[in-house]
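What follows is the content of start-v4.cif (mmCIF, C-alpha atoms).
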```
data_protein
loop_
_atom_site.label_atom_id
_atom_site.label_comp_id
_atom_site.auth_asym_id
_atom_site.auth_seq_id
_atom_site.Cartn_x
_atom_site.Cartn_y
_atom_site.Cartn_z
CA MET A 1 0.00 0.00 0.00
CA VAL A 2 1.31 3.43 -0.96
CA GLY A 3 1.86 5.71 2.01
CA MET A 4 2.88 9.32 2.63
CA ARG A 5 6.53 8.27 2.92
CA ASP A 6 6.39 7.01 -0.67
CA VAL A 7 4.86 10.29 -1.80
CA ALA A 8 7.51 12.28 0.07
CA LYS A 9 10.32 10.24 -1.51
CA LYS A 10 8.97 10.63 -5.06
CA ALA A 11 8.28 14.37 -4.63
CA GLY A 12 11.58 15.06 -2.89
CA ALA A 13 9.79 16.57 0.06
CA SER A 14 9.73 16.02 3.79
CA LEU A 15 7.05 13.85 5.38
CA SER A 16 5.73 16.84 7.34
CA THR A 17 5.29 18.87 4.13
CA VAL A 18 3.36 16.05 2.49
CA SER A 19 1.19 15.88 5.61
CA LEU A 20 0.39 19.59 5.32
CA VAL A 21 -0.79 19.09 1.73
CA VAL A 22 -2.80 15.97 2.52
CA ASN A 23 -4.52 17.54 5.54
CA GLY A 24 -5.05 20.90 3.88
CA ASN A 25 -3.49 23.08 6.58
CA GLY A 26 -0.33 25.10 6.85
CA TYR A 27 1.62 26.95 4.16
CA VAL A 28 3.23 25.05 1.31
CA SER A 29 4.65 26.85 -1.73
CA ARG A 30 2.78 26.48 -5.00
CA GLU A 31 5.74 24.73 -6.64
CA MET A 32 6.15 22.22 -3.82
CA ARG A 33 2.39 21.62 -3.59
CA GLY A 34 2.31 20.85 -7.31
CA ARG A 35 5.17 18.34 -7.01
CA ILE A 36 3.45 16.57 -4.12
CA GLU A 37 0.08 16.46 -5.88
CA ARG A 38 1.71 15.05 -9.04
CA ALA A 39 3.47 12.41 -6.95
CA MET A 40 0.18 11.47 -5.29
CA ALA A 41 -1.48 11.10 -8.70
CA ASP A 42 1.41 9.08 -10.15
CA LEU A 43 1.43 6.71 -7.19
CA ASP A 44 -2.38 6.57 -7.00
CA TYR A 45 -2.11 7.58 -3.34
CA ILE A 46 -5.41 7.61 -1.43
CA PRO A 47 -5.31 9.57 1.86
CA ASN A 48 -6.43 7.72 4.97
CA GLU A 49 -9.66 9.57 5.80
CA LEU A 50 -9.79 8.23 9.34
CA ALA A 51 -6.25 9.39 10.04
CA ARG A 52 -6.99 12.81 8.54
CA ASN A 53 -10.07 13.26 10.71
CA LEU A 54 -8.22 12.17 13.84
CA TYR A 55 -5.49 14.66 12.98
CA ARG A 56 -8.13 17.38 12.83
CA GLY A 57 -9.89 16.15 15.97
CA ARG A 58 -13.05 15.25 14.05
CA THR A 59 -14.68 12.13 12.68
CA GLY A 60 -16.77 13.70 9.93
CA ILE A 61 -19.75 11.67 11.19
CA ILE A 62 -23.10 13.06 12.38
CA GLY A 63 -25.62 10.86 14.17
CA MET A 64 -29.20 11.20 12.92
CA ILE A 65 -31.73 9.89 15.46
CA VAL A 66 -35.30 9.32 14.25
CA PRO A 67 -38.20 7.29 15.69
CA THR A 68 -38.49 4.98 12.68
CA ILE A 69 -37.21 4.98 9.11
CA ARG A 70 -40.40 3.16 8.05
CA HIS A 71 -42.47 6.34 8.35
CA PRO A 72 -42.60 8.32 5.06
CA PHE A 73 -41.96 11.60 6.86
CA PHE A 74 -38.75 10.44 8.54
CA ALA A 75 -37.60 8.57 5.44
CA THR A 76 -37.97 11.76 3.40
CA LEU A 77 -36.36 13.88 6.10
CA THR A 78 -33.40 11.54 6.55
CA ALA A 79 -32.73 11.47 2.81
CA ALA A 80 -32.72 15.28 2.72
CA VAL A 81 -30.44 15.53 5.76
CA GLN A 82 -28.01 13.00 4.31
CA ARG A 83 -27.77 15.06 1.11
CA ALA A 84 -27.29 18.30 3.04
CA LEU A 85 -24.58 16.87 5.27
CA SER A 86 -22.83 15.22 2.32
CA ASP A 87 -22.68 18.62 0.61
CA LYS A 88 -20.77 19.83 3.67
CA GLY A 89 -18.35 16.90 3.64
CA LEU A 90 -20.08 15.04 6.48
CA ARG A 91 -21.41 11.51 6.67
CA THR A 92 -24.62 10.41 8.34
CA MET A 93 -24.97 7.57 10.83
CA LEU A 94 -28.63 6.61 11.23
CA CYS A 95 -30.27 5.53 14.46
CA SER A 96 -33.92 4.50 14.15
CA THR A 97 -34.92 3.99 17.78
CA ALA A 98 -38.11 1.98 17.26
CA ASP A 99 -36.62 -0.22 14.53
CA ALA A 100 -33.38 -0.89 16.40
CA GLY A 101 -35.16 -1.72 19.65
CA HIS A 102 -33.13 0.68 21.78
CA GLY A 103 -33.06 4.37 22.52
CA GLU A 104 -30.59 7.12 21.83
CA ALA A 105 -28.25 6.32 24.76
CA GLU A 106 -25.79 4.40 22.59
CA TYR A 107 -25.41 7.33 20.20
CA VAL A 108 -25.10 9.84 23.01
CA ASP A 109 -22.33 7.69 24.48
CA MET A 110 -20.56 7.67 21.09
CA LEU A 111 -20.85 11.46 20.95
CA ARG A 112 -19.41 11.84 24.44
CA ARG A 113 -16.48 9.60 23.49
CA HIS A 114 -15.85 11.71 20.37
CA MET A 115 -16.74 8.85 18.02
CA MET A 116 -18.95 11.30 16.11
CA ASP A 117 -18.99 15.07 15.81
CA GLY A 118 -22.62 15.78 16.64
CA ILE A 119 -26.19 14.51 16.85
CA ILE A 120 -29.36 15.62 15.10
CA MET A 121 -32.13 14.56 17.46
CA ALA A 122 -35.47 14.03 15.71
CA ALA A 123 -37.03 11.38 17.95
CA HIS A 124 -39.12 11.64 21.08
CA THR A 125 -37.08 11.52 24.27
CA THR A 126 -38.04 10.71 27.84
CA HIS A 127 -34.98 12.50 29.22
CA ASP A 128 -35.42 15.89 30.82
CA LYS A 129 -33.66 19.02 29.58
CA ASP A 130 -30.82 18.68 32.10
CA TYR A 131 -29.77 15.42 30.46
CA TRP A 132 -29.33 17.00 27.04
CA THR A 133 -27.62 20.17 28.22
CA SER A 134 -25.19 18.11 30.32
CA ILE A 135 -23.84 16.17 27.32
CA GLY A 136 -21.56 19.06 26.40
CA ARG A 137 -21.22 18.22 22.68
CA PRO A 138 -22.89 19.58 19.52
CA ILE A 139 -26.59 18.73 19.33
CA VAL A 140 -29.26 20.08 16.99
CA ALA A 141 -32.90 19.28 17.70
CA PHE A 142 -35.50 18.78 15.00
CA ASP A 143 -39.14 19.40 15.97
CA ARG A 144 -38.25 18.98 19.64
CA TYR A 145 -37.40 21.27 22.54
CA LEU A 146 -34.53 19.54 24.34
CA GLY A 147 -33.40 22.30 26.67
CA PRO A 148 -31.89 25.79 26.96
CA ARG A 149 -29.40 26.82 24.27
CA ILE A 150 -29.88 23.69 22.17
CA PRO A 151 -30.66 24.83 18.60
CA VAL A 152 -34.07 23.80 17.23
CA VAL A 153 -35.03 23.51 13.56
CA ARG A 154 -38.69 23.01 12.73
CA ALA A 155 -41.42 23.79 10.25
CA ASP A 156 -43.83 26.64 10.93
CA HIS A 157 -46.56 24.52 12.48
CA ARG A 158 -48.68 27.48 13.48
CA GLN A 159 -48.70 28.49 9.81
CA GLU A 160 -49.83 24.94 8.99
CA GLY A 161 -52.83 25.34 11.25
CA GLU A 162 -53.62 28.76 9.77
CA LEU A 163 -53.46 27.51 6.18
CA VAL A 164 -55.72 24.54 6.89
CA ALA A 165 -58.19 26.67 8.87
CA ASP A 166 -58.33 29.27 6.07
CA LEU A 167 -59.07 26.57 3.50
CA LEU A 168 -61.76 24.79 5.52
CA LEU A 169 -63.50 28.01 6.56
CA ARG A 170 -63.46 29.24 2.98
CA THR A 171 -65.01 25.99 1.71
CA GLY A 172 -67.74 25.86 4.36
CA ALA A 173 -66.62 22.99 6.60
CA ARG A 174 -68.79 22.60 9.74
CA HIS A 175 -67.35 19.55 11.54
CA VAL A 176 -63.64 18.74 11.26
CA ALA A 177 -61.96 15.56 12.49
CA ALA A 178 -58.25 15.97 13.19
CA ILE A 179 -56.03 12.88 13.50
CA GLY A 180 -52.72 13.11 15.34
CA GLY A 181 -50.39 11.62 17.92
CA PRO A 182 -51.16 10.96 21.60
CA ARG A 183 -52.83 13.96 23.20
CA GLU A 184 -50.41 13.64 26.14
CA GLN A 185 -47.80 15.21 23.85
CA PHE A 186 -49.70 18.49 24.22
CA HIS A 187 -48.58 18.88 27.83
CA ASP A 188 -45.33 16.98 28.41
CA TRP A 189 -43.15 20.03 29.13
CA SER A 190 -41.88 20.23 32.69
CA GLY A 191 -40.78 23.84 32.44
CA SER A 192 -42.80 26.64 33.96
CA SER A 193 -43.18 30.36 33.58
CA SER A 194 -42.20 32.98 36.14
CA SER A 195 -45.73 32.73 37.48
CA GLY A 196 -45.29 29.02 38.12
CA HIS A 197 -47.65 27.89 35.35
CA ALA A 198 -46.53 25.75 32.44
CA VAL A 199 -46.64 27.57 29.13
CA ASP A 200 -47.01 26.13 25.65
CA PRO A 201 -45.59 27.67 22.43
CA VAL A 202 -48.83 29.34 21.40
CA GLY A 203 -49.76 30.78 24.77
CA GLY A 204 -51.97 28.07 26.25
CA THR A 205 -52.08 26.74 29.77
CA PHE A 206 -49.98 23.62 29.31
CA GLY A 207 -46.45 23.02 28.05
CA THR A 208 -45.00 20.75 25.41
CA THR A 209 -41.66 19.67 23.99
CA PHE A 210 -43.48 18.97 20.69
CA PRO A 211 -43.82 22.18 18.64
CA THR A 212 -45.88 20.13 16.15
CA VAL A 213 -48.93 20.55 18.39
CA ASP A 214 -49.04 24.18 17.24
CA ARG A 215 -50.87 23.07 14.10
CA TYR A 216 -53.70 21.46 16.03
CA LEU A 217 -54.00 24.19 18.65
CA GLN A 218 -54.14 26.89 16.00
CA LEU A 219 -56.62 24.91 13.91
CA GLU A 220 -58.91 24.29 16.89
CA ARG A 221 -58.83 27.94 17.93
CA ARG A 222 -59.53 29.32 14.47
CA LEU A 223 -62.35 26.88 13.80
CA GLY A 224 -63.83 27.27 17.28
CA ALA A 225 -63.91 31.05 16.91
CA GLU A 226 -66.09 30.56 13.81
CA GLY A 227 -68.40 28.00 15.42
CA VAL A 228 -66.95 25.02 13.55
CA ARG A 229 -66.70 21.79 15.55
CA CYS A 230 -63.27 20.18 15.74
CA ALA A 231 -62.79 16.68 17.14
CA TYR A 232 -59.38 15.15 17.84
CA LEU A 233 -58.66 11.45 17.34
CA GLU A 234 -55.42 9.86 18.54
CA SER A 235 -53.59 7.65 16.07
CA GLY A 236 -50.98 6.34 18.51
CA ASP A 237 -47.23 6.71 18.37
CA VAL A 238 -45.52 7.60 15.11
CA ASP A 239 -44.44 3.99 14.45
CA ASP A 240 -47.97 2.63 15.04
CA PHE A 241 -49.19 2.38 11.45
CA ALA A 242 -52.27 0.38 12.44
CA GLY A 243 -53.24 3.34 14.61
CA TYR A 244 -53.70 5.55 11.54
CA SER A 245 -56.09 3.03 10.00
CA HIS A 246 -58.07 2.67 13.24
CA ALA A 247 -58.33 6.45 13.64
CA ALA A 248 -59.55 6.88 10.05
CA ARG A 249 -62.31 4.30 10.59
CA ALA A 250 -63.21 5.90 13.90
CA VAL A 251 -63.95 9.20 12.14
CA PHE A 252 -66.85 7.64 10.24
CA GLU A 253 -68.08 5.58 13.18
CA ARG A 254 -67.99 8.31 15.83
CA TYR A 255 -68.67 11.39 13.73
CA PRO A 256 -70.89 10.45 10.78
CA ASP A 257 -71.57 14.15 10.15
CA ALA A 258 -67.86 15.07 9.86
CA ASP A 259 -67.26 16.86 6.57
CA ALA A 260 -63.45 17.23 6.76
CA ILE A 261 -60.47 15.18 7.88
CA VAL A 262 -57.08 16.72 8.72
CA ALA A 263 -54.26 14.26 9.32
CA PRO A 264 -50.63 13.37 8.58
CA ASP A 265 -50.09 12.02 5.05
CA VAL A 266 -50.52 8.39 6.13
CA GLY A 267 -53.65 9.08 8.19
CA ALA A 268 -55.13 11.24 5.43
CA ALA A 269 -54.50 8.49 2.87
CA TYR A 270 -56.36 6.00 5.07
CA GLY A 271 -59.16 8.54 5.41
CA VAL A 272 -59.51 8.83 1.63
CA GLN A 273 -59.52 5.07 1.16
CA GLU A 274 -62.06 4.54 3.95
CA ALA A 275 -64.35 7.20 2.46
CA LEU A 276 -64.17 5.59 -0.99
CA ARG A 277 -65.01 2.18 0.50
CA ARG A 278 -68.06 3.67 2.21
CA GLY A 279 -69.26 5.48 -0.91
CA VAL A 280 -68.59 8.92 0.58
CA ARG A 281 -67.95 11.47 -2.14
CA ILE A 282 -64.67 13.41 -2.01
CA PRO A 283 -64.58 16.40 -1.93
CA GLN A 284 -68.34 17.01 -2.24
CA ASP A 285 -69.30 15.32 1.07
CA LEU A 286 -65.90 15.04 2.75
CA GLN A 287 -62.75 17.10 2.35
CA VAL A 288 -59.36 15.64 3.27
CA VAL A 289 -56.27 17.72 4.02
CA ALA A 290 -52.88 16.10 4.61
CA TYR A 291 -49.87 17.66 6.22
CA ASP A 292 -46.19 16.86 5.65
CA GLY A 293 -46.46 16.65 1.85
CA THR A 294 -44.43 13.47 1.25
CA TYR A 295 -44.86 11.12 -1.71
CA VAL A 296 -47.78 9.48 0.13
CA THR A 297 -50.05 12.34 -0.98
CA GLN A 298 -49.91 10.83 -4.49
CA THR A 299 -50.78 7.26 -3.46
CA ALA A 300 -54.25 7.41 -1.87
CA GLY A 301 -56.22 6.99 -5.10
CA LEU A 302 -56.79 10.74 -5.29
CA ARG A 303 -54.05 13.37 -5.26
CA MET A 304 -54.46 14.88 -1.81
CA THR A 305 -54.46 18.54 -0.88
CA ALA A 306 -51.52 18.91 1.50
CA VAL A 307 -49.53 21.35 3.58
CA ARG A 308 -46.01 20.61 2.37
CA GLN A 309 -42.99 20.97 4.61
CA ASP A 310 -39.79 22.14 2.93
CA PHE A 311 -37.55 19.15 3.66
CA ASP A 312 -34.57 20.52 1.74
CA ALA A 313 -34.64 23.87 3.56
CA MET A 314 -35.02 22.17 6.94
CA ALA A 315 -32.15 19.80 6.17
CA ALA A 316 -29.94 22.65 4.97
CA MET A 317 -30.61 24.57 8.17
CA MET A 318 -29.84 21.52 10.31
CA GLY A 319 -26.53 21.13 8.50
CA ARG A 320 -25.78 24.79 8.99
CA ARG A 321 -26.66 24.72 12.69
CA MET A 322 -24.57 21.58 13.15
CA LEU A 323 -21.46 23.13 11.58
CA GLU A 324 -21.94 26.23 13.74
CA ALA A 325 -22.14 24.03 16.81
CA ILE A 326 -19.07 21.98 15.85
CA ASP A 327 -16.97 25.05 15.03
CA ALA A 328 -18.01 26.86 18.21
CA ASP A 329 -17.31 23.77 20.28
CA ALA A 330 -13.83 23.45 18.79
CA ALA A 331 -12.94 27.14 18.93
CA ARG A 332 -14.20 27.98 22.38
CA GLY A 333 -14.42 24.64 24.11
CA ALA A 334 -18.01 25.61 24.88
CA PRO A 335 -20.37 22.82 25.89
CA LEU A 336 -23.07 23.99 23.51
CA SER A 337 -23.10 26.32 20.54
CA ALA A 338 -25.04 29.55 20.54
CA PRO A 339 -25.73 30.33 16.88
CA SER A 340 -27.00 33.76 16.08
CA PRO A 341 -30.68 34.06 15.15
CA THR A 342 -31.42 33.49 11.46
CA THR A 343 -33.70 36.04 9.91
CA ALA A 344 -35.29 36.46 6.53
CA SER A 345 -33.39 39.74 6.14
CA GLN A 346 -30.09 37.91 5.74
CA SER A 347 -28.27 38.04 2.44
CA ALA A 348 -30.19 36.58 -0.47
CA SER A 349 -26.96 34.77 -1.38
CA ASP A 350 -27.72 32.45 1.52
CA PRO A 351 -30.13 29.83 0.08
CA VAL A 352 -31.54 29.04 3.50
CA ALA A 353 -32.20 32.68 4.35
CA ALA A 354 -33.58 33.32 0.88
CA ALA A 355 -36.14 30.57 1.49
CA GLY A 356 -37.65 32.73 4.21
CA VAL A 357 -36.20 31.07 7.30
CA GLY A 358 -36.60 33.06 10.48
CA ALA A 359 -35.84 32.80 14.14
CA ALA A 360 -38.87 32.59 16.37
CA GLY A 361 -39.45 33.07 20.04
CA ALA A 362 -42.16 30.41 20.23
CA ALA A 363 -40.27 27.97 22.44
CA PRO A 364 -41.58 26.97 25.86
CA ASP A 365 -40.49 28.91 28.90
CA GLY A 366 -36.87 28.04 29.68
CA VAL A 367 -35.92 27.50 26.01
CA ASP A 368 -34.22 30.41 24.28
CA GLY A 369 -36.29 31.21 21.21
CA SER A 370 -33.29 32.87 19.52
CA HIS A 371 -31.94 29.36 18.89
CA GLU A 372 -35.04 28.32 16.97
CA ALA A 373 -35.09 28.32 13.16
CA VAL A 374 -38.59 28.12 11.71
CA ILE A 375 -39.08 27.05 8.08
CA PRO A 376 -42.21 28.20 6.21
CA VAL A 377 -44.66 25.68 4.75
CA ALA A 378 -46.88 25.83 1.67
CA MET A 379 -50.38 24.65 0.77
CA VAL A 380 -50.43 22.38 -2.30
CA PRO A 381 -53.94 22.05 -3.82
CA GLY A 382 -55.18 18.59 -4.73
CA MET A 383 -58.34 16.69 -5.58
CA THR A 384 -59.55 16.17 -2.00
CA THR A 385 -60.75 19.71 -1.21
CA ARG A 386 -63.25 22.04 -2.83
#
```
Would you mind writing the structure in this file as structure tokens?
Amino acid sequence: MVGMRDVAKKAGASLSTVSLVVNGNGYVSREMRGRIERAMADLDYIPNELARNLYRGRTGIIGMIVPTIRHPFFATLTAAVQRALSDKGLRTMLCSTADAGHGEAEYVDMLRRHMMDGIIMAAHTTHDKDYWTSIGRPIVAFDRYLGPRIPVVRADHRQEGELVADLLLRTGARHVAAIGGPREQFHDWSGSSSSGHAVDPVGGTFGTTFPTVDRYLQLERRLGAEGVRCAYLESGDVDDFAGYSHAARAVFERYPDADAIVAPDVGAAYGVQEALRRGVRIPQDLQVVAYDGTYVTQTAGLRMTAVRQDFDAMAAMMGRRMLEAIDADAARGAPLSAPSPTTASQSASDPVAAAGVGAAGAAPDGVDGSHEAVIPVAMVPGMTTR
């Protein structure tokens, strides 16, 4: 196997000079750099990536923790994150907690032992905020509030609720059935306000580590203000696919007068199929609105109207936040990064900023909203609404 000593001998250079060229740091004259690069090409020398990363004090590996890769949302998200990290020279190590049969502890241990450079946490966690802030390594949260100063990237879920409410009110819906995760997620936050009461992101009386509940809370409030009934049906945990089917059937059995269903892509698809089996006309008698906007919206038999999340923009922001955290950790030895707020007024040369990303102060009490990047969503019309 060809090594750096062979390259040094052929180029007539010292081993340390070859090392500077291979690792991309330190000054080497243009003439000497050219000789070394020609020697590397002639010898077909392939740098040892592991050795290079150890030299730099990095592994080039980011852990991506999701609940399950079987779910279309997390499959789509993971693919986008892997592309975004690859563009930044980083590799992705996937941990699917439900599929692997264990939690995130193994990956956190690897992060603590510097076997990876950071973690993107996109799964539910039973640990409190002190656990995550005590890790002392780069962590970026997706759609979760993990604790003070831990950066959060998420879609604008309040906007999701607004867009759906606007559509259903405009089309005359009178009884809406919303399908979502366990209702206990609406009040799992242990933080409290200065008055001693828990506070949720949209100003309610309970707290949550799940910013996704914004969409339901906003939808319920908007519809309720206009006298439209809104029922909520639990579909179970995210990896419980049978739960989506059961919830879709329950809509017709419990609420025969429901004239709209709002659900994640999978739940909405089951709703469409159940309606077609029962001879319910879509969208004349029943409107169906999906949120997430994955490929599933094309597979229900009718192209579904959906609120589409911008997976590429969210992934790009997670990659950006992760690099900020890694660089800050290395430069300052700080336990957690403190990236500056991202606003839509940033340079249009920044593709993430140009997409309309903004910092938001919608985090629960005890979580610094300046570390939250919120990505806009868009309504995509389909055949399941009027």
Original post:
Smallest atom-to-atom distance to A:Gly181: which of A:Ala247, A:Ala300, A:Ala306, A:Ile119, using all atoms listed in the file?
Top reply: A:Ala247
**OP:** Would you work out the distance separating atom CA of A:Phe142 from atom CA of A:Met121, expressed in Å to one decimal?
**Re:** 5.9 Å
Original post:
Looking at A:Gly136, A:Gly301, A:Gly293, A:Pro376, which one is nearest to A:Phe74, with distances taken over all atoms listed in the file?
Top reply: A:Gly293
**OP:** With a distance cut-off of 7 Å and all atoms listed in the file, select the neighbouring residues of stretch 15-24 of chain A, excluding the residue or stretch itself and same-chain residues fewer than 6 positions from it, and output the selection as a list in words.
**Re:** Met4, Arg5, Ala8, Arg33, Ile36, Pro47 and Arg52 of chain A
Original post:
Separation of atom CA of A:Thr384 and atom CA of A:Val296, in Å?
Top reply: 13.7 Å
Subject >> Distance query A:Arg321 at most 9 Å, all atoms listed in the file, self and fewer than 3 positions along chain excluded, as a ChimeraX atom specification >> reply: /A:139-140,151-153,316-318,324-326,337,339
**OP:** Please evaluate the PyMOL selection byres ((chain A and resi 386) around 8) against the structure above and give the resulting residues as a PyMOL selection string.
**Re:** chain A and resi 171+283-284+287+383-385
Please produce a file of those selected residues containing C-alpha atoms, as a CSV table (one decimal), in the frame of the given file.
```
chain,number,residue,atom,x,y,z
A,171,THR,CA,-65.0,26.0,1.7
A,283,PRO,CA,-64.6,16.4,-1.9
A,284,GLN,CA,-68.3,17.0,-2.2
A,287,GLN,CA,-62.8,17.1,2.4
A,383,MET,CA,-58.3,16.7,-5.6
A,384,THR,CA,-59.6,16.2,-2.0
A,385,THR,CA,-60.8,19.7,-1.2
```
